[in-house]
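This is run-v5.cif (mmCIF, C-alpha atoms).
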```cif
data_run
loop_
_atom_site.label_atom_id
_atom_site.label_comp_id
_atom_site.auth_asym_id
_atom_site.auth_seq_id
_atom_site.Cartn_x
_atom_site.Cartn_y
_atom_site.Cartn_z
CA MET A 1 76.48 97.83 92.11
CA ARG A 2 79.44 97.53 94.44
CA PHE A 3 82.46 99.82 94.56
CA MET A 4 85.77 99.52 96.33
CA LEU A 5 87.06 102.82 97.68
CA LEU A 6 90.83 102.68 98.05
CA VAL A 7 92.53 105.16 100.33
CA LYS A 8 96.04 105.80 99.04
CA ALA A 9 98.96 105.62 101.43
CA ASP A 10 101.15 108.57 102.36
CA LYS A 11 104.31 109.11 104.39
CA ASP A 12 102.41 109.07 107.70
CA SER A 13 100.48 105.85 107.03
CA GLU A 14 103.67 104.18 105.78
CA ALA A 15 105.53 105.38 108.89
CA GLY A 16 102.93 103.60 111.02
CA ILE A 17 101.55 106.83 112.53
CA LEU A 18 98.14 105.91 113.91
CA PRO A 19 95.12 108.20 113.44
CA SER A 20 94.36 110.54 116.36
CA GLU A 21 91.31 109.98 118.53
CA LYS A 22 89.57 112.89 116.74
CA GLU A 23 90.29 111.35 113.32
CA LEU A 24 88.99 107.98 114.54
CA ALA A 25 85.86 109.68 115.94
CA ASP A 26 85.23 111.60 112.68
CA MET A 27 85.66 108.39 110.70
CA GLY A 28 83.27 106.63 113.08
CA VAL A 29 80.59 109.27 112.44
CA TYR A 30 81.09 108.95 108.67
CA ASN A 31 80.93 105.15 108.86
CA ASP A 32 77.74 105.42 110.93
CA GLU A 33 76.17 107.41 108.07
CA LEU A 34 77.23 104.76 105.55
CA VAL A 35 75.83 101.99 107.75
CA LYS A 36 72.54 103.84 108.38
CA ALA A 37 72.11 104.47 104.63
CA GLY A 38 72.60 100.72 104.05
CA VAL A 39 75.58 101.46 101.83
CA MET A 40 78.52 100.06 103.78
CA LEU A 41 79.61 96.44 103.25
CA ALA A 42 83.10 96.55 104.75
CA GLY A 43 85.83 98.94 105.77
CA GLU A 44 89.38 98.25 106.90
CA GLY A 45 92.70 99.93 107.53
CA LEU A 46 95.99 98.45 106.38
CA GLN A 47 99.17 98.30 108.40
CA PRO A 48 102.25 99.85 106.73
CA SER A 49 103.79 97.90 103.85
CA SER A 50 106.74 97.12 106.17
CA LYS A 51 104.46 94.47 107.71
CA GLY A 52 103.63 93.04 104.27
CA ALA A 53 105.21 91.23 101.34
CA ARG A 54 104.91 90.76 97.60
CA VAL A 55 104.90 87.52 95.68
CA LYS A 56 105.94 87.78 92.04
CA PHE A 57 105.07 84.98 89.65
CA SER A 58 107.13 84.73 86.48
CA GLY A 59 107.64 81.76 84.19
CA GLY A 60 106.38 79.41 86.90
CA LYS A 61 108.78 80.80 89.54
CA ARG A 62 107.65 82.52 92.72
CA THR A 63 109.75 85.23 94.31
CA VAL A 64 108.87 86.62 97.73
CA VAL A 65 109.93 90.21 98.47
CA ASP A 66 109.39 91.52 101.99
CA GLY A 67 108.11 95.07 102.56
CA PRO A 68 108.46 98.00 103.00
CA PHE A 69 107.81 99.22 99.44
CA ALA A 70 109.01 102.64 98.41
CA GLU A 71 106.32 104.04 96.11
CA SER A 72 104.03 105.20 98.95
CA LYS A 73 101.68 107.17 96.65
CA GLU A 74 100.70 103.97 94.84
CA LEU A 75 100.21 101.88 97.97
CA VAL A 76 96.89 101.39 99.71
CA ALA A 77 96.32 102.43 103.33
CA GLY A 78 92.69 101.39 103.70
CA PHE A 79 89.46 100.65 101.88
CA TRP A 80 85.71 100.58 101.99
CA LEU A 81 83.35 98.32 100.07
CA ILE A 82 80.03 100.02 99.38
CA GLU A 83 76.82 99.12 97.58
CA VAL A 84 75.23 102.01 95.66
CA LYS A 85 73.12 102.65 92.54
CA SER A 86 75.75 104.41 90.39
CA LYS A 87 79.35 105.57 90.15
CA GLU A 88 78.04 109.11 90.76
CA GLU A 89 76.53 108.05 94.08
CA ALA A 90 79.86 106.44 95.03
CA ILE A 91 81.65 109.69 94.18
CA GLU A 92 79.19 111.69 96.30
CA TRP A 93 79.94 109.46 99.30
CA VAL A 94 83.68 109.77 98.73
CA LYS A 95 83.48 113.57 98.64
CA ARG A 96 82.13 113.43 102.20
CA VAL A 97 85.02 111.39 103.64
CA PRO A 98 86.32 113.43 106.61
CA PHE A 99 89.86 114.04 105.35
CA ALA A 100 91.01 117.48 106.41
CA GLY A 101 94.25 117.73 104.46
CA GLU A 102 95.80 116.02 101.44
CA ALA A 103 94.45 112.61 100.46
CA GLU A 104 93.54 110.51 97.45
CA ILE A 105 90.78 107.93 97.17
CA GLU A 106 90.34 105.67 94.15
CA ILE A 107 86.86 104.40 93.26
CA ARG A 108 86.71 101.03 91.49
CA GLN A 109 83.69 98.99 90.44
CA VAL A 110 83.57 95.40 91.70
CA PHE A 111 82.77 92.56 89.28
CA GLU A 112 79.44 90.80 89.79
CA ALA A 113 78.75 87.24 88.62
CA GLU A 114 76.67 88.54 85.67
CA ASP A 115 79.67 90.48 84.31
CA PHE A 116 81.57 87.30 83.39
CA GLY A 117 79.06 86.01 80.84
CA PRO A 118 78.87 82.33 79.84
CA ALA A 119 82.48 81.59 80.98
CA PHE A 120 81.10 81.70 84.52
CA THR A 121 79.12 78.49 84.08
CA PRO A 122 76.13 77.59 86.27
CA GLU A 123 78.36 75.05 88.08
CA LEU A 124 81.04 77.66 88.84
CA ARG A 125 78.41 80.17 89.98
CA GLU A 126 76.89 77.59 92.26
CA GLN A 127 80.33 76.83 93.72
CA GLU A 128 80.95 80.52 94.42
CA GLU A 129 77.53 81.02 96.00
CA ARG A 130 78.17 78.01 98.25
CA GLN A 131 81.58 79.37 99.26
CA ARG A 132 80.11 82.77 100.11
CA ALA A 133 77.39 81.09 102.18
CA GLN A 134 80.01 79.00 104.04
CA ILE A 135 82.05 82.11 104.84
CA ALA A 136 78.93 83.98 106.02
CA ALA A 137 77.92 81.05 108.27
CA LYS A 138 81.39 81.01 109.83
CA LYS A 139 81.27 84.74 110.58
CA ARG A 140 77.96 84.44 112.44
CA MET B 141 95.52 88.06 112.06
CA ARG B 142 93.99 89.13 108.80
CA PHE B 143 95.73 89.93 105.54
CA LEU B 144 94.54 91.70 102.41
CA VAL B 145 95.83 89.89 99.33
CA ILE B 146 96.02 92.29 96.38
CA ARG B 147 96.23 91.02 92.82
CA LYS B 148 97.97 93.75 90.84
CA ALA B 149 96.52 94.85 87.53
CA ASP B 150 98.18 94.28 84.17
CA GLN B 151 97.48 95.23 80.54
CA ALA B 152 94.88 92.48 80.14
CA THR B 153 92.86 93.35 83.24
CA GLU B 154 93.00 97.06 82.38
CA ALA B 155 91.87 96.28 78.80
CA GLY B 156 88.81 94.53 80.27
CA VAL B 157 89.77 91.09 78.89
CA PRO B 158 87.31 88.80 80.71
CA PRO B 159 88.60 85.72 82.54
CA THR B 160 88.29 82.46 80.64
CA GLU B 161 86.17 79.58 81.92
CA GLU B 162 89.43 77.74 82.67
CA LEU B 163 90.71 80.59 84.85
CA LEU B 164 87.36 81.00 86.64
CA ALA B 165 87.41 77.26 87.37
CA ALA B 166 91.00 77.37 88.66
CA MET B 167 90.20 80.34 90.93
CA GLY B 168 87.06 78.54 92.13
CA SER B 169 89.11 75.48 93.14
CA TYR B 170 91.78 77.61 94.82
CA ASN B 171 89.13 79.54 96.77
CA GLU B 172 87.48 76.22 97.66
CA GLU B 173 90.67 75.04 99.41
CA MET B 174 90.89 78.28 101.39
CA VAL B 175 87.22 78.18 102.37
CA LYS B 176 87.58 74.56 103.51
CA ALA B 177 90.65 75.50 105.56
CA GLY B 178 88.63 78.32 107.17
CA VAL B 179 91.15 80.86 105.86
CA MET B 180 89.15 82.87 103.34
CA LEU B 181 86.99 85.78 104.54
CA SER B 182 86.17 87.42 101.20
CA GLY B 183 87.33 87.86 97.65
CA ASP B 184 86.33 89.96 94.65
CA GLY B 185 87.55 91.19 91.28
CA LEU B 186 87.66 94.81 90.17
CA GLN B 187 86.55 96.20 86.82
CA PRO B 188 89.16 98.14 84.81
CA SER B 189 90.06 101.62 86.10
CA SER B 190 88.22 103.04 83.05
CA LYS B 191 85.01 102.34 84.99
CA GLY B 192 86.37 104.11 88.07
CA ALA B 193 87.43 107.52 89.31
CA ARG B 194 89.76 109.20 91.76
CA VAL B 195 88.92 111.88 94.28
CA LYS B 196 91.87 114.01 95.35
CA PHE B 197 91.53 116.04 98.54
CA SER B 198 93.71 119.11 98.84
CA GLY B 199 93.21 121.44 101.77
CA GLY B 200 90.19 119.26 102.53
CA LYS B 201 88.55 120.04 99.12
CA PRO B 202 87.65 117.13 96.80
CA ARG B 203 88.43 117.10 93.06
CA VAL B 204 87.14 114.26 90.84
CA ILE B 205 89.21 112.68 88.03
CA ASP B 206 87.61 109.98 85.88
CA GLY B 207 89.53 106.81 84.92
CA PRO B 208 91.27 105.13 83.16
CA PHE B 209 94.58 105.51 84.97
CA THR B 210 97.77 104.69 83.14
CA GLU B 211 100.14 103.16 85.70
CA SER B 212 98.62 99.67 85.30
CA LYS B 213 101.34 97.92 87.34
CA GLU B 214 100.35 99.88 90.43
CA LEU B 215 96.60 99.42 90.01
CA ILE B 216 94.58 96.69 91.67
CA ALA B 217 92.66 94.03 89.74
CA GLY B 218 91.28 92.02 92.63
CA PHE B 219 91.62 91.16 96.29
CA SER B 220 90.87 88.62 98.96
CA ILE B 221 91.02 88.71 102.75
CA LEU B 222 92.62 85.80 104.60
CA GLN B 223 92.52 84.92 108.29
CA VAL B 224 95.77 83.16 109.20
CA ASP B 225 98.19 82.78 112.11
CA SER B 226 101.21 84.49 110.52
CA LYS B 227 102.49 86.42 107.51
CA GLU B 228 104.35 83.25 106.48
CA GLU B 229 101.08 81.33 106.34
CA ALA B 230 99.57 84.09 104.17
CA ILE B 231 102.58 83.87 101.84
CA GLU B 232 102.23 80.08 101.61
CA TRP B 233 98.60 80.44 100.50
CA VAL B 234 99.50 83.12 97.97
CA LYS B 235 102.23 80.92 96.48
CA ARG B 236 99.49 78.48 95.51
CA TRP B 237 97.73 81.10 93.37
CA PRO B 238 96.60 79.49 90.06
CA VAL B 239 99.52 79.65 87.62
CA ILE B 240 97.30 80.12 84.57
CA ASP B 241 96.31 83.59 85.86
CA GLY B 242 98.06 86.29 83.82
CA ASP B 243 99.81 83.55 81.78
CA GLY B 244 102.01 82.95 84.81
CA GLU B 245 103.13 86.59 85.11
CA VAL B 246 101.41 88.04 88.15
CA GLU B 247 102.30 90.17 91.15
CA ILE B 248 100.45 89.84 94.43
CA GLU B 249 100.84 92.10 97.45
CA ILE B 250 100.10 90.89 100.97
CA ARG B 251 99.15 93.52 103.56
CA ARG B 252 98.21 93.08 107.18
CA LEU B 253 94.90 94.59 108.30
CA PHE B 254 94.55 96.67 111.44
CA GLU B 255 92.54 95.11 114.23
CA LEU B 256 90.70 97.31 116.75
CA GLU B 257 93.20 96.29 119.45
CA ASP B 258 96.00 97.92 117.42
CA PHE B 259 94.56 101.36 118.19
CA GLY B 260 94.51 101.16 121.99
CA PRO B 261 91.48 102.07 124.08
CA SER B 262 89.37 105.10 123.15
CA GLU B 263 85.70 106.07 122.86
CA ALA B 264 85.94 106.09 119.08
CA ILE B 265 87.18 102.48 119.07
CA ASP B 266 84.44 101.43 121.53
CA ARG B 267 81.88 102.91 119.13
CA MET B 268 83.33 101.00 116.19
CA ARG B 269 83.13 97.81 118.23
CA GLU B 270 79.45 98.58 118.95
CA VAL B 271 78.55 99.14 115.30
CA GLY B 272 79.98 95.75 114.47
CA PHE B 273 83.56 96.37 113.49
CA ALA B 274 84.84 93.73 115.88
CA LYS B 275 86.10 90.87 113.75
CA PRO B 276 86.38 87.20 114.66
CA LYS B 277 89.87 86.43 115.95
#
```
Render the structure in this file as C-alpha cells.
Amino acid sequence: MRFMLLVKADKDSEAGILPSEKELADMGVYNDELVKAGVMLAGEGLQPSSKGARVKFSGGKRTVVDGPFAESKELVAGFWLIEVKSKEEAIEWVKRVPFAGEAEIEIRQVFEAEDFGPAFTPELREQEERQRAQIAAKKR
Amino acid sequence: MRFLVIRKADQATEAGVPPTEELLAAMGSYNEEMVKAGVMLSGDGLQPSSKGARVKFSGGKPRVIDGPFTESKELIAGFSILQVDSKEEAIEWVKRWPVIDGDGEVEIEIRRLFELEDFGPSEAIDRMREVGFAKPK
C-alpha cells in the first residue's frame, strides 16, 4: 500500500528559508535508505505559499486567491510518497526522518484502483492505466 | 516549473464517501486532456484521515497520534503534479477542474515545487542528482 507523508509548514519554510547544507545532507542519507529499501516513490519540497495560489469553486464560480496564506501550521512544506506493507511500517519510517527540532508529519493512505469498487469501471481503469503508462514513457 | 495541485478535503471525503462513476469518468477525461498536453506528471487520491496518523517531533523526539483529524477544511483529499511554464498556466488548468466534484464546492491549492537548482551548488544536491532526483525540465 502507498502512503503520502506530508511535512507541515512552519514559519521558516513559509519565510523561504532554505535548508542548510547539513540538513540537505542528512535528508539525502535518509532518502538513500528509503531508495535502497525499495520504499521511496517520490519526494519533493514545496516553495512557500507566497509563490502559490488557491482556486475556490462555489456555485459554478471560480475565485483565484494569490498566496501567501496565513495558517502556516496547516500548510504543507514537502512530501514523500512511499510503498510499504502497513501503516505501522510507514510510521516507523517517519519516526526516522532526520528532524532535529519541532516538526509535524502527517501520514495518509493513497487510494488504489481496487478501493473504488464497481464505480471504477474496466473502461475507466484501462484509461487510467494508459495515462500512467504515457506519463512514465515521457519521463524516460 | 512544476506545481503541486492540492484538492482540499471536505466532509464527504473525510466520511469516506466513494466517488461516483460519473465523477471518476469526469476526472478521467480531465486527466486525459492534461496527459495529452504533456502537463500531468502524477495524480492520486488520499483515503480519509481516519486511516492515517500524525507524527509530531519535539526536541527531535517523535510522538504518534492516530487519525481522524477534525479540521477537514485544512486536510488534503488528493493531489496532482503539473509541469507548466508559469503559475498562470497552472491556474488555468485548475480552473477546468470537473465541476461535479464536491457538488461544485471545492477548494484547490496550487504550490510550486522546489527544483534542485533552487538550492544552489552543494555536495548534498549533487548526491540527490545522482540518486535520480533530477527532474525533466
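Between CA of Leu18 in chain A and CA of Leu46 in chain A lies a distance of 10.8 Å.
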Applying the PyMOL selection byres ((chain A and resi 106) around 8) to the file I just gave you, which residues come out? Please list them as a ChimeraX atom specification. /A:4-8,104-105,107-108 /B:192-195
Neighbours of chain A in chain B at 8 Å, counting all atoms listed in the file, as a ChimeraX atom specification: /B:144,158-161,164-165,168,171-172,175,178,180-182,184-189,191-200,202,204,214-215,227,231,234-235,239,244-254,259,262-265,267-268,271,276
Would you compute the distance between CA of Leu34 in chain A and CA of Asp10 in chain A? Give it in Å to one decimal.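 Answer for the CA of Leu34 in chain A to CA of Asp10 in chain A separation: 24.4 Å.
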Using CA of Ala166 in chain B and CA of Phe143 in chain B as the two end points, give the distance in Å to one decimal. 21.6 Å
Looking at all atoms listed in the file, which of A:Pro68, A:Glu33, A:Ala9, A:Val39 is the one that sits closest to Ser86 in chain A?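 For Ser86 in chain A, the nearest of the candidates is A:Val39.
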Would you mind writing range 62-92 of chain A with N, CA and C atoms, as a PDB file, in the frame of the given file?
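Okay, this is what ended up in out_18.pdb:
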```
ATOM      1  N   ARG A  62     108.216  81.593  91.740  1.00  0.00           N
ATOM      2  CA  ARG A  62     107.650  82.520  92.720  1.00  0.00           C
ATOM      3  C   ARG A  62     108.771  83.172  93.504  1.00  0.00           C
ATOM      4  N   THR A  63     108.751  84.490  93.542  1.00  0.00           N
ATOM      5  CA  THR A  63     109.750  85.230  94.310  1.00  0.00           C
ATOM      6  C   THR A  63     109.034  86.037  95.383  1.00  0.00           C
ATOM      7  N   VAL A  64     109.473  85.863  96.628  1.00  0.00           N
ATOM      8  CA  VAL A  64     108.870  86.620  97.730  1.00  0.00           C
ATOM      9  C   VAL A  64     109.776  87.803  98.073  1.00  0.00           C
ATOM     10  N   VAL A  65     109.194  89.003  98.098  1.00  0.00           N
ATOM     11  CA  VAL A  65     109.930  90.210  98.470  1.00  0.00           C
ATOM     12  C   VAL A  65     109.239  90.798  99.692  1.00  0.00           C
ATOM     13  N   ASP A  66     109.986  90.940 100.793  1.00  0.00           N
ATOM     14  CA  ASP A  66     109.390  91.520 101.990  1.00  0.00           C
ATOM     15  C   ASP A  66     109.294  93.035 101.871  1.00  0.00           C
ATOM     16  N   GLY A  67     108.252  93.622 102.516  1.00  0.00           N
ATOM     17  CA  GLY A  67     108.110  95.070 102.560  1.00  0.00           C
ATOM     18  C   GLY A  67     109.179  95.662 103.458  1.00  0.00           C
ATOM     19  N   PRO A  68     109.339  96.973 103.571  1.00  0.00           N
ATOM     20  CA  PRO A  68     108.460  98.000 103.000  1.00  0.00           C
ATOM     21  C   PRO A  68     108.690  98.235 101.506  1.00  0.00           C
ATOM     22  N   PHE A  69     107.692  98.860 100.847  1.00  0.00           N
ATOM     23  CA  PHE A  69     107.810  99.220  99.440  1.00  0.00           C
ATOM     24  C   PHE A  69     107.844 100.742  99.329  1.00  0.00           C
ATOM     25  N   ALA A  70     108.654 101.221  98.407  1.00  0.00           N
ATOM     26  CA  ALA A  70     109.010 102.640  98.410  1.00  0.00           C
ATOM     27  C   ALA A  70     107.928 103.563  97.858  1.00  0.00           C
ATOM     28  N   GLU A  71     107.207 103.123  96.848  1.00  0.00           N
ATOM     29  CA  GLU A  71     106.320 104.040  96.110  1.00  0.00           C
ATOM     30  C   GLU A  71     105.035 104.324  96.894  1.00  0.00           C
ATOM     31  N   SER A  72     105.152 105.079  98.006  1.00  0.00           N
ATOM     32  CA  SER A  72     104.030 105.200  98.950  1.00  0.00           C
ATOM     33  C   SER A  72     102.756 105.751  98.297  1.00  0.00           C
ATOM     34  N   LYS A  73     102.872 106.591  97.275  1.00  0.00           N
ATOM     35  CA  LYS A  73     101.680 107.170  96.650  1.00  0.00           C
ATOM     36  C   LYS A  73     100.816 106.115  95.959  1.00  0.00           C
ATOM     37  N   GLU A  74     101.438 105.013  95.560  1.00  0.00           N
ATOM     38  CA  GLU A  74     100.700 103.970  94.840  1.00  0.00           C
ATOM     39  C   GLU A  74     100.219 102.857  95.774  1.00  0.00           C
ATOM     40  N   LEU A  75     100.644 102.906  97.022  1.00  0.00           N
ATOM     41  CA  LEU A  75     100.210 101.880  97.970  1.00  0.00           C
ATOM     42  C   LEU A  75      98.835 102.221  98.526  1.00  0.00           C
ATOM     43  N   VAL A  76      98.213 101.219  99.132  1.00  0.00           N
ATOM     44  CA  VAL A  76      96.890 101.390  99.710  1.00  0.00           C
ATOM     45  C   VAL A  76      97.022 101.429 101.237  1.00  0.00           C
ATOM     46  N   ALA A  77      96.275 102.324 101.867  1.00  0.00           N
ATOM     47  CA  ALA A  77      96.320 102.430 103.330  1.00  0.00           C
ATOM     48  C   ALA A  77      95.018 101.992 103.977  1.00  0.00           C
ATOM     49  N   GLY A  78      93.977 101.819 103.162  1.00  0.00           N
ATOM     50  CA  GLY A  78      92.690 101.390 103.700  1.00  0.00           C
ATOM     51  C   GLY A  78      91.665 101.299 102.599  1.00  0.00           C
ATOM     52  N   PHE A  79      90.492 100.744 102.918  1.00  0.00           N
ATOM     53  CA  PHE A  79      89.460 100.650 101.880  1.00  0.00           C
ATOM     54  C   PHE A  79      88.078 100.518 102.499  1.00  0.00           C
ATOM     55  N   TRP A  80      87.101 100.902 101.703  1.00  0.00           N
ATOM     56  CA  TRP A  80      85.710 100.580 101.990  1.00  0.00           C
ATOM     57  C   TRP A  80      85.173  99.757 100.826  1.00  0.00           C
ATOM     58  N   LEU A  81      84.178  98.934 101.113  1.00  0.00           N
ATOM     59  CA  LEU A  81      83.350  98.320 100.070  1.00  0.00           C
ATOM     60  C   LEU A  81      81.952  98.859 100.281  1.00  0.00           C
ATOM     61  N   ILE A  82      81.369  99.458  99.231  1.00  0.00           N
ATOM     62  CA  ILE A  82      80.030 100.020  99.380  1.00  0.00           C
ATOM     63  C   ILE A  82      79.114  99.501  98.274  1.00  0.00           C
ATOM     64  N   GLU A  83      77.826  99.539  98.554  1.00  0.00           N
ATOM     65  CA  GLU A  83      76.820  99.120  97.580  1.00  0.00           C
ATOM     66  C   GLU A  83      75.944 100.329  97.285  1.00  0.00           C
ATOM     67  N   VAL A  84      75.983 100.801  96.048  1.00  0.00           N
ATOM     68  CA  VAL A  84      75.230 102.010  95.660  1.00  0.00           C
ATOM     69  C   VAL A  84      74.596 101.784  94.286  1.00  0.00           C
ATOM     70  N   LYS A  85      73.855 102.805  93.798  1.00  0.00           N
ATOM     71  CA  LYS A  85      73.120 102.650  92.540  1.00  0.00           C
ATOM     72  C   LYS A  85      73.952 103.062  91.321  1.00  0.00           C
ATOM     73  N   SER A  86      74.988 103.882  91.529  1.00  0.00           N
ATOM     74  CA  SER A  86      75.750 104.410  90.390  1.00  0.00           C
ATOM     75  C   SER A  86      77.128 104.858  90.851  1.00  0.00           C
ATOM     76  N   LYS A  87      78.021 105.033  89.859  1.00  0.00           N
ATOM     77  CA  LYS A  87      79.350 105.570  90.150  1.00  0.00           C
ATOM     78  C   LYS A  87      79.225 106.976  90.751  1.00  0.00           C
ATOM     79  N   GLU A  88      78.232 107.739  90.269  1.00  0.00           N
ATOM     80  CA  GLU A  88      78.040 109.110  90.760  1.00  0.00           C
ATOM     81  C   GLU A  88      77.708 109.091  92.259  1.00  0.00           C
ATOM     82  N   GLU A  89      76.870 108.132  92.654  1.00  0.00           N
ATOM     83  CA  GLU A  89      76.530 108.050  94.080  1.00  0.00           C
ATOM     84  C   GLU A  89      77.772 107.702  94.898  1.00  0.00           C
ATOM     85  N   ALA A  90      78.603 106.791  94.346  1.00  0.00           N
ATOM     86  CA  ALA A  90      79.860 106.440  95.030  1.00  0.00           C
ATOM     87  C   ALA A  90      80.731 107.678  95.192  1.00  0.00           C
ATOM     88  N   ILE A  91      80.836 108.474  94.127  1.00  0.00           N
ATOM     89  CA  ILE A  91      81.650 109.690  94.180  1.00  0.00           C
ATOM     90  C   ILE A  91      81.111 110.658  95.232  1.00  0.00           C
ATOM     91  N   GLU A  92      79.773 110.795  95.302  1.00  0.00           N
ATOM     92  CA  GLU A  92      79.190 111.690  96.300  1.00  0.00           C
ATOM     93  C   GLU A  92      79.562 111.276  97.723  1.00  0.00           C
TER      94      GLU A  92
END
```
